[in-house]
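Structure first, commentary second.
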Amino acid sequence: MALTAAGVGSGIDVEGILQQLDELERRPVEVLNEKREALDVELSAFGKVKSALSGFQTTAKALGTNSDFGAYVATSSNEKVFTATALNGETDVNHEIEVLALATSHRLSSEAYDTPDSAVERGTMTFSSGDESFEVVIDDTNDTLAGLREAINTDPTNRYMSASIINVDGGNRLILTANETGTEGKISAIRNNALPLGDENAGFEQITEAADASLIVHGFQVTRSSNSISDVIDGVTLDLLGVGKSTVDSRRDLTSLKTALDEFVTGYNAMSDALQSVSETELKGDQLPRGVDQRVRNMFFNSVDLGDDDSATALDMGFSFDRYGKLSLDTAKYESALEGGVNRYVEAFSKSETGLSSMFSDLVDEYTQAGGVIAGREDGVDTRKSSIDDQIERLEYRLEKTNARLRRQFTAMDLAVTNLQSTSNFLTNRLGQNSF
């Protein structure tokens with residue numbers, strides 16, 4: 001089938017005319033696409049604002065967590081005696097401690113056997129600790145030293161002892177070890193029916209006595225079943241390692257405090273720079289970025305009620321703005337604020353709901369949370385984009401119909417012109433053959 005195109009017969013550039021007409025008709029679509037692209041830029045800018053605020057909020061929240069902001073750090077003057085860990089402390093601590101004895105786990109040993117596969121007499125044994133107990137039936141499935149070990153360790157009701165085999169001078173011995181230290185973890189083995197593992201004391205003998213930890217804190221006796229003690233000194237856990245004397249000291253970590261404040265300064269300046277950038281580019285003329293920046297800046301002047309007629313602002317805590325709006329931590333003002341008490345300083349930031357950390361974080365939430373200010377602006381942009389998409393779809397449909405109509409009309413014109421040219425050529429030839 002021969003290929004045809006409009007204008008081939010008449011010589012008129014019909015395709016060029018149709019293309020130019022299409023470009024003219026398509027101009028409204030291009031204008032709408034430009035508006036849509038501008039809305040995409042605006043939407044992206046809102047994302048940048050939200051990201052900048054979220055980054056700043058992360059550093060602000062860190063100032064409200066005692067574990068990160070000015071956390072307590074405990075130390076021991078002699079870590080061969082004990083180590084110390086601070087847990088949610090509220091006051092400085094300094095105590096002299098003497099460890100008299102460590103808590104030990106109760107251990108029992110069987111008599112010696114030649115190998116782990118040596119036979120054990122069948123029967124029933126009851127193992128217990130305190131009010132809890134479990135039974136092991138020794139039969140043809142486990143009547144070896146190793147088999148009994150596995151039966152003890154895999155019993156689902158055994159929560160208080162473990163069994164192991166050691167190969168020492170004289171043979172292999174089954175060792176039972178209490179899972180818990182101290183006298184409360186003491187274990188026992190009782191024979192029933194037959195006499196497995198020997199004729200005396202169910203075949204086990206004590207090799208390590210159960211003992212509680214014993215220490216003296218400022219002259220007062222302390223006895224505990226564990227070597228990890230967290231209920232004697234508020235906010236401090238002691239892990240006992242040996243007998244002797246040591247001093248535990250717990251106080252605010254000013255290094256972590258300063259680090260958190262420096263990160264907050266960096267977070268604020270990064271946020272402010274980002275907001276200024278979008279206000280001069282993608283959101284030029286939009287009051288949102290500058291308005292957010294100004295509201296956050298104003299927070300530095302808001303007071304926090306610390307009780308007892310005491311209050312403080314972020315500027316009182318050592319923060320300062322230069323003439324360009326850059327935030328910094330003034331060393332002299334910071335150290336002066338600390339002289340009022342480290343706990344007071346931390347409280348100004350970390351006080352629940354009303355501290356500076358909460359104030360800054362809550363303000364950011366107004367803009368970034370679901371249903372917040374930025375979400376509302378983004379929804380508005382999405383609505384406008386959807387409206388433009390609908391307009392483009394309608395215009396494209398109309399253009400398709402218009403182009404089809406114009407092509408039919410120009411094709412008909414092309415055919416008419418072609419026919420007229422053909423008639424003209426015929427008449428010219430016939431007239432040229434006659435002499436008048």
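Convention: chains lettered A, B, ... in structure tokens order; per-chain residue numbering from 1; ligands numbered from 1 as shown.
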
Please, which residues of region 267-407 of chain A, numbered as in this document, come out helix (DSSP H, G or I) from DSSP, as an MDAnalysis selection string? chainID A and resid 267:280 288:299 331:338 342:350 356:368 373:407

Please extract the residues of region 75-285 of chain A with a backbone DSSP assignment of strand (DSSP E) and present them as a PyMOL selection string. chain A and resi 75-76+82-86+93-101+105-110+123-129+132-138+161-168+171-181+187-192+204-208+213-217+220-224+228-229+236-240+244-252

Of A:Asp362, A:Asp114, A:Glu98, A:Glu34, the one sitting nearest Val217 (chain A) when using only C-alpha atoms is A:Glu98

Using only C-alpha atoms, the best pick from A:Val373, A:Ala112, A:Val248, A:Val31 as closest to Asn167 (chain A) would be A:Ala112

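The neighbours of Gly341 (chain A) here are the residues that come within 12 Å of it, using only C-alpha atoms and leaving out any residue fewer than 6 positions away in the same chain; they are Thr91, Asp92, Arg251, Arg252, Leu254, Met317, Tyr334, Glu335, Glu347 and Ala348 of chain A.
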
Kindly export the residues of the current selection with C-alpha atoms, as a PDB file, in the first residue's frame.
ATOM      1  CA  THR A  91      22.622  13.805  92.802  1.00  0.00           C
ATOM      2  CA  ASP A  92      26.395  13.715  93.026  1.00  0.00           C
ATOM      3  CA  ARG A 251      28.711  13.200  88.989  1.00  0.00           C
ATOM      4  CA  ARG A 252      27.555  14.936  85.823  1.00  0.00           C
ATOM      5  CA  LEU A 254      30.465  17.936  81.646  1.00  0.00           C
ATOM      6  CA  MET A 317      22.485  29.268  79.694  1.00  0.00           C
ATOM      7  CA  TYR A 334      28.229  29.065  79.874  1.00  0.00           C
ATOM      8  CA  GLU A 335      30.671  28.627  82.756  1.00  0.00           C
ATOM      9  CA  GLU A 347      16.923  21.001  84.512  1.00  0.00           C
ATOM     10  CA  ALA A 348      16.441  24.145  82.448  1.00  0.00           C
TER      11      ALA A 348
END

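Distance check against Thr354 (chain A) using only C-alpha atoms: of A:Val81, A:Gly307, A:Asn33, A:Thr423, the minimum falls on A:Gly307.
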
Would you list the contacts of region 49-63 of chain A as an NGL selection string, taking every protein, DNA or RNA residue within 10 Å and counting only C-alpha atoms, but skipping same-chain residues closer than 5 positions in sequence? :A and (43-44 or 68-70 or 257 or 260-279 or 288-289 or 292-293 or 296 or 346-351 or 355-365 or 367-369 or 374-375)

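Excluding Thr331 (chain A) and any residue on its chain fewer than 6 positions from it, the residues at most 10 Å away by only C-alpha atoms are Gly318, Phe319 and Ala337 of chain A.
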
Those residues you just picked out, can you put them in a file as a JSON list (two decimals), in the first residue's frame with all heavy atoms?
[["chain", "number", "residue", "atom", "x", "y", "z"],
["A", 318, "GLY", "N", 24.00, 30.50, 78.23],
["A", 318, "GLY", "CA", 25.27, 30.71, 77.54],
["A", 318, "GLY", "C", 25.18, 30.87, 76.04],
["A", 318, "GLY", "O", 26.19, 31.13, 75.38],
["A", 319, "PHE", "N", 23.98, 30.73, 75.46],
["A", 319, "PHE", "CA", 23.85, 30.89, 74.01],
["A", 319, "PHE", "C", 23.88, 32.37, 73.64],
["A", 319, "PHE", "O", 23.45, 33.23, 74.41],
["A", 319, "PHE", "CB", 22.56, 30.26, 73.50],
["A", 319, "PHE", "CG", 22.54, 28.76, 73.60],
["A", 319, "PHE", "CD1", 21.67, 28.12, 74.47],
["A", 319, "PHE", "CD2", 23.41, 28.00, 72.84],
["A", 319, "PHE", "CE1", 21.66, 26.75, 74.57],
["A", 319, "PHE", "CE2", 23.41, 26.62, 72.94],
["A", 319, "PHE", "CZ", 22.54, 25.99, 73.80],
["A", 337, "ALA", "N", 26.87, 30.19, 84.03],
["A", 337, "ALA", "CA", 25.59, 29.50, 84.27],
["A", 337, "ALA", "C", 25.80, 28.21, 85.05],
["A", 337, "ALA", "O", 24.99, 27.86, 85.91],
["A", 337, "ALA", "CB", 24.90, 29.22, 82.94]]

_Distance in Å - CA of Glu280 (chain A) versus CA of Phe46 (chain A)_ =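 Straight-line distance from CA of Glu280 (chain A) to CA of Phe46 (chain A) works out to 13.5 Å.
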
*Fewer than 4 positions away in the same chain doesn't count, so skip those; otherwise give me all residues within 9 Å of Ile388 (chain A), counting only C-alpha atoms, as an MDAnalysis selection string.*
chainID A and resid 32:33 35:36 383:384 392:393

Dump as a compact mmCIF listing (two decimals), in the first residue's frame, selection limited to C-alpha atoms:
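For reference, again23.txt as written:
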# COMPACT_ATOMS: atom_id res chain seq x y z
CA LEU A 32 0.09 24.64 32.68
CA ASN A 33 3.13 22.31 32.64
CA LYS A 35 2.98 25.94 36.56
CA ARG A 36 3.08 22.26 37.53
CA THR A 383 -4.58 19.97 45.27
CA ARG A 384 -3.35 22.59 42.80
CA ILE A 392 -4.06 19.36 30.99
CA GLU A 393 -6.04 16.17 30.43

Could you list, as a list in words, every residue within 12 Å of Ala146 (chain A), counting only C-alpha atoms and ignoring same-chain residues fewer than 5 positions away?
Tyr113, Asp114, Thr115, Pro116, Asp117, Ser118, Ala119, Val120, Ile138, Thr141, Ala151, Ile152, Asn153, Ala163, Ser164, Ile165, Ile166, Asn172, Arg173, Leu174 and Ile175 of chain A

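Among A:Thr181, A:Thr418, A:Ser256, A:Thr208, the residue with the shortest atom-to-atom distance to Leu102 (chain A), counting only C-alpha atoms, is A:Thr181.
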
**Prompt:** To one decimal place, how far is CA of Thr411 (chain A) from CA of Glu30 (chain A) in Å?
**Reply:**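 That distance, rounded to one decimal, is 27.3 Å.
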
Nearest to Asp239 (chain A), restricted to only C-alpha atoms and choosing among A:Thr428, A:Thr83, A:Asn88, A:Asn403, comes out as A:Thr83

Distance criterion (only C-alpha atoms): nearest to Ile207 (chain A) out of A:Thr104, A:Thr144, A:Thr237, A:Ser225 |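 Looking at the shortest contact to Ile207 (chain A), the residue is A:Thr104.
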